[in-house]
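Only one structure is covered here, and it is reproduced in the block below.
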Amino acid sequence: MAQDNLLVVENMHLYFKTRNGIVQAVDNVSFNLERGKSMVIVGESGCGKTSLGRAILRLLPENVCRYDGRCLLNGEDIMELSDEDFRKKIRWKKAALVPQSSMNSLNPVIKVSEQVAEPVLLHSLVDDKDEALKRAAAAFKKVGIPVDFLGRYPFELSGGMRQRVAIATSLITDPDFIVLDEPTSALDVLTQANIMNVLTRLKQQIDISFILITHDVSTSSEIADMAAIMYAGQIVEFTDARTFFGKPLHPYSERLMESVPTLEADDKLGYIPGQPPSLINPPTGCRFADRCNERFELCSQDPPEFVVEGGRMVKCWLYKESGERYVS
Amino acid sequence: MSVNKNEVLLEAHDLRTWFEIKKWGFLHVGFVRAVDGVNFKLHRGESISLVGESGCGKSSLAKTIIGINRPTDGELVFEGKSIKAASDGGMSEYKSEVGFVQQDPYGALPPFMTIQRILEEPMIVNGIKDKAERQSRLEEVMTELKLTPIVDFLDKYPHMLSGGQQQRIVIARSLVLNPKLIMADEPVSMLDASVRVEILELFRKIQSKRELAIIYITHDLSTVRYFSERIWVMYGGKIVEQSPVRELLLEPAHPYTRALLAAISEPDASNIDKFKKVPPGEPPSLLNPPAGCRFHPRCEYMIAGLCDKKEPPDFELADNRITACWLFKDKEDASDVAI
């Protein structure tokens, strides 16, 4: 298949050691992202979506006890690189991150232009500071901040503007993809719509991919070409967003979509009873089985990843026979 | 027990809450007009949603209504009695009639108290001395909120519960005094989507069973339809539109409401190529709000010479709707103004 993959993740594991046991935050996750496409990772809090984003960028805390798998960026296995090489060649040059609530972590005593310019200086992509500030001005233009804001301090900007500054910081080194961790969850509806417009415009204008990490299914539909649904450390469904929003396959995805309030529909909202399992000693079978109303005998075993019609991946025993939904 | 739904429970006349800004602790700089001329009528057993962006004054209004902030001007009338004139005793009686559900359940529950103690506290403070009575009320609210089996919870501390359970404890605590009005400040915004709906439905059920009046504060217009009959939209310290929910969602009147509705995302794959229409600019500073209508600098239907000069009064429309926008002067229906 002549598919041009930007990022291929295979059997990624990320386990943390805690006093209570080993937390399987990312457990055997595989997906591939084509060049020029954007994806969204949706899941409830504590399902490991932020850990997956950090595992790709190798931004790990101290207590990691298992970190393996393959991660191919432009065909090169970046898991093989040493930490120093990874920092120099990959992080920020090829792959940048907009961390959760980064708009609140700007340094209050440094002008925003200097904070935005910092990555290009650190990676010696430019010769002097003037050049760096010019690139910062260009990045500001891309995200729609007036250029005269360059000399301001973070407290002189509103929340939406600060979020744009955080996005500008990740854009300035021209990375291949950006991981955005909950970029709009702390913002108001109007500001949220503004930021989503910025991202959509960037996608159309420059060659960049976004990996959006969010719990908000509604806003994710604004920029995602692919959707990955995560539950208890695993990706349970990975599909084309166009088909996904119309017809989710995995029972968890279905329940999740039913719980999203909409303005026009008159249907009753659904919800998922119970709670996600603990990632310390998760159930050996399907991790959603306890909360699933379509459970049957096979669910006590771990379901493999079935590929059904249209290349959609779904990790559920209901699809074991050639993609047709199994009815017991 | 049945309440008369036409009876007004709480009324506000030109309510204002201003906060003074001082320089060096004593020089007067100005006032933040967080609540600036709010009028409303809340009926018994009615569920209202108060919607607005952060910084529009909705939490200040909430705190004024439950008596944490003293209003600078105007008055609140609860069951026909003005609260401004109330003595300290009258005030604490009023506060026991109004329950408060906080936004962040973990921050609202003291970590060193057991659930038993947390739920008993309001009753002890309000002088319910009979221990058996306290216990029976506590068990009643816990059953209502499906915190069963009760004994499993009583000796636990807040950190041992999940976010959804913590939020249900907060709601239970607001109900133990059998209030007539509940103020719920973004009660589900900290919870996951899958739990959110469960809590809202439960809350709604209790509201209609107990015939409580609820003011549900949110910035999320899409959950409102599942919870309320009426909606108030707040902008820049004022309520700009009051309307039944269905009519508002189908046909928003005020330009700000229209902008809010247009900005909401729905899970739909066709969104991907579309841009949202968002009014330019930012919400006004409440320290120095624009003259005339506060939305006029961002409004595309601004009438020069009117909107930027004179503050719009409340215009009454059909279907029991009120909007403060000059476009609706001498109009009877929201559809009369085609935009």
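Residues in the structure tokens are numbered from 1 in each chain, the chains being A, B, ... in the order shown, and ligands are numbered from 1 in the order shown.
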Distance limit 10 Å, atoms considered: only C-alpha atoms. Which chain A residues sit that close to chain B? Return them as a short mmCIF file (atom, residue, chain, number, x, y, z; two decimals) with C-alpha atoms, in the first residue's frame.
```cif
data_model
loop_
_atom_site.label_atom_id
_atom_site.label_comp_id
_atom_site.auth_asym_id
_atom_site.auth_seq_id
_atom_site.Cartn_x
_atom_site.Cartn_y
_atom_site.Cartn_z
CA GLY A 43 -11.49 9.63 26.25
CA GLU A 44 -12.62 10.23 29.81
CA SER A 45 -10.22 11.62 32.38
CA SER A 158 -6.95 37.57 27.64
CA GLY A 160 -7.94 33.27 24.29
CA LEU A 187 -12.14 28.59 27.54
CA ASP A 188 -15.55 30.11 26.89
CA VAL A 189 -17.71 29.05 24.00
CA LEU A 190 -16.92 32.05 21.81
CA THR A 191 -13.18 31.90 22.52
CA GLN A 192 -13.26 28.15 21.95
CA ALA A 193 -14.82 28.70 18.52
CA ASN A 194 -12.13 31.29 17.77
CA MET A 196 -10.86 26.16 16.54
CA ASN A 197 -11.05 28.61 13.61
CA VAL A 198 -7.34 29.33 14.05
CA THR A 200 -8.69 25.00 10.91
CA ARG A 201 -7.03 27.89 9.07
CA GLN A 204 -5.48 24.68 5.35
CA HIS A 215 -12.64 14.76 26.30
CA ASP A 216 -14.94 16.96 24.25
CA VAL A 217 -16.32 15.02 21.29
CA SER A 218 -18.17 18.03 19.89
CA THR A 219 -15.25 20.41 19.38
CA SER A 220 -12.97 17.62 18.19
CA SER A 221 -15.15 17.18 15.12
CA GLU A 222 -13.97 20.59 13.95
CA ILE A 223 -10.47 19.55 12.96
CA ALA A 224 -10.14 15.77 13.14
CA ASP A 225 -9.72 13.60 10.06
CA ASP A 240 -11.99 7.93 9.82
CA ALA A 241 -13.75 10.80 11.59
CA ARG A 242 -16.36 11.23 8.84
CA THR A 243 -17.74 7.76 9.38
CA PHE A 244 -17.14 7.81 13.12
CA PHE A 245 -19.36 10.75 14.00
CA GLY A 246 -22.17 9.27 11.95
CA ARG A 255 -22.55 5.35 24.71
CA LEU A 256 -20.08 8.24 24.67
CA MET A 257 -21.76 9.80 21.64
CA GLU A 258 -25.18 9.36 23.23
CA SER A 259 -24.03 11.32 26.26
CA VAL A 260 -23.13 14.40 24.20
CA PRO A 261 -25.79 17.07 24.54
CA THR A 262 -26.87 18.70 21.29
CA LEU A 263 -29.00 21.73 20.60
CA GLU A 264 -31.56 20.42 18.18
CA ASP A 266 -35.05 15.84 20.96
CA LYS A 268 -32.97 11.70 25.71
CA LEU A 269 -29.36 11.73 26.73
CA GLY A 270 -27.68 8.50 27.69
CA TYR A 271 -24.94 7.91 30.21
CA ILE A 272 -22.61 5.11 31.14
CA PRO A 273 -23.33 3.61 34.55
CA GLY A 274 -20.37 2.67 36.73
CA GLN A 275 -16.81 3.86 36.54
#
```
Practice task
Kindly indicate which residue among A:Val40, A:Val179, A:Ala96, A:Cys47 lies nearest to Leu279 of chain A, using only C-alpha atoms for the distances.
Solution key: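 Of A:Val40, A:Val179, A:Ala96, A:Cys47, the one nearest Leu279 of chain A, counting only C-alpha atoms, is A:Cys47.
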Handout entry: Distance query Trp18 of chain B at most 6 Å, only C-alpha atoms, self and fewer than 5 positions along chain excluded, as a count of residues only
Key = 4
Practice task
Pull the helix (DSSP H, G or I) assignments for segment 131-236 of chain A out of DSSP run on the backbone, and list those residues as a count of residues only.
Solution key: 53
Practice task
Give the strand (DSSP E or B) residues of segment 128-326 of chain A, as assigned by DSSP on the backbone, as a ChimeraX atom specification.
Solution key: /A:177-181,209-214,226-231,234-240,280,306-308,312-314,321,324
For the residues selected in the previous step, produce a file with C-alpha atoms as a compact mmCIF listing (two decimals), in the first residue's frame.
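Final output, saved to part35.txt:
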```txt
# COMPACT_ATOMS: atom_id res chain seq x y z
CA PHE A 177 3.02 17.69 13.91
CA ILE A 178 1.77 19.28 17.11
CA VAL A 179 0.21 17.51 20.06
CA LEU A 180 -2.48 19.74 21.56
CA ASP A 181 -3.55 18.64 25.03
CA SER A 209 -0.79 17.70 11.42
CA PHE A 210 -2.49 18.04 14.75
CA ILE A 211 -2.96 15.39 17.38
CA LEU A 212 -5.74 16.76 19.52
CA ILE A 213 -6.23 15.26 22.97
CA THR A 214 -9.63 16.05 24.43
CA MET A 226 -9.17 10.51 12.18
CA ALA A 227 -10.63 9.66 15.57
CA ALA A 228 -9.07 7.41 18.22
CA ILE A 229 -11.26 6.48 21.16
CA MET A 230 -9.34 5.58 24.26
CA TYR A 231 -10.64 3.62 27.21
CA GLN A 234 -6.15 1.22 25.22
CA ILE A 235 -7.42 2.51 21.90
CA VAL A 236 -10.75 0.75 21.44
CA GLU A 237 -11.66 2.30 18.11
CA PHE A 238 -9.61 4.04 15.44
CA THR A 239 -11.40 5.26 12.37
CA ASP A 240 -11.99 7.93 9.82
CA ILE A 280 -3.64 -0.87 38.46
CA PHE A 306 -10.49 -6.31 14.43
CA VAL A 307 -10.29 -4.46 11.17
CA VAL A 308 -13.71 -4.05 9.60
CA ARG A 312 -11.82 0.85 10.69
CA MET A 313 -10.19 -0.69 13.73
CA VAL A 314 -12.39 -1.77 16.59
CA GLU A 321 -16.83 -12.20 12.10
CA GLU A 324 -20.45 -7.86 10.67
```
Handout entry: Residue neighbourhood Leu15 of chain B, 12 Å, only C-alpha atoms, exclusion window fewer than 5 positions, as a VMD selection string
Key = chain B and resid 33 to 40 60 to 62 64 to 65 69 to 77 83 to 84 237 to 239
Same residues, C-alpha atoms, output as a short mmCIF file (atom, residue, chain, number, x, y, z; two decimals), in the first residue's frame:
```cif
data_model
loop_
_atom_site.label_atom_id
_atom_site.label_comp_id
_atom_site.auth_asym_id
_atom_site.auth_seq_id
_atom_site.Cartn_x
_atom_site.Cartn_y
_atom_site.Cartn_z
CA ARG B 33 -19.76 46.80 38.02
CA ALA B 34 -20.12 43.03 38.25
CA VAL B 35 -23.90 43.14 38.56
CA ASP B 36 -25.34 46.30 37.10
CA GLY B 37 -29.09 46.69 37.02
CA VAL B 38 -30.55 43.21 37.02
CA ASN B 39 -34.31 42.66 37.11
CA PHE B 40 -35.98 39.28 37.26
CA SER B 60 -21.26 37.66 41.37
CA LEU B 61 -25.01 37.65 40.76
CA ALA B 62 -25.21 34.18 42.30
CA THR B 64 -25.50 38.32 45.72
CA ILE B 65 -28.62 36.17 45.54
CA ASN B 69 -22.28 39.68 48.61
CA ARG B 70 -24.35 42.56 49.90
CA PRO B 71 -25.94 44.43 46.99
CA THR B 72 -24.66 47.97 46.42
CA ASP B 73 -28.05 49.13 45.23
CA GLY B 74 -31.47 47.78 44.32
CA GLU B 75 -33.27 45.09 46.24
CA LEU B 76 -34.03 41.39 46.43
CA VAL B 77 -37.49 40.34 47.53
CA ILE B 83 -33.84 41.11 52.09
CA LYS B 84 -32.08 44.44 52.28
CA GLY B 237 -23.19 42.56 34.17
CA LYS B 238 -26.72 42.64 32.77
CA ILE B 239 -29.32 40.10 31.76
#
```
Problem - Point-to-point distance from atom CA of Asp27 of chain A to atom CA of Gly233 of chain A, Å rounded to tenths - result: 5.3 Å
Practice task
Find the spatial neighbours of Pro119 of chain A, counting only C-alpha atoms, within a cut-off of 9 Å - ignore same-chain residues fewer than 5 positions away - and output them as an NGL selection string.
Solution key: :A and (92-93 or 124-125 or 169-170 or 172-173)
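Each of B:Ile303, B:Val240, B:Ala253, B:Ile115 was checked against Leu147 of chain B using only C-alpha atoms; the smallest atom-to-atom distance is that of B:Ile115.
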Problem - Residue nearest Gly90 of chain B among B:Met234, B:Thr257, B:Gly67, B:Pro122 (counting only C-alpha atoms) - result: B:Gly67
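In this structure, atom CA of Pro105 of chain B sits 9.3 Å away from atom CA of Ile171 of chain B.
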Handout entry: 10 Å contact set for Ala137 of chain A, only C-alpha atoms, chain neighbours under 5 positions out, as an MDAnalysis selection string
Key = chainID A and resid 113 116:117 131:132 142 145:150 168 172
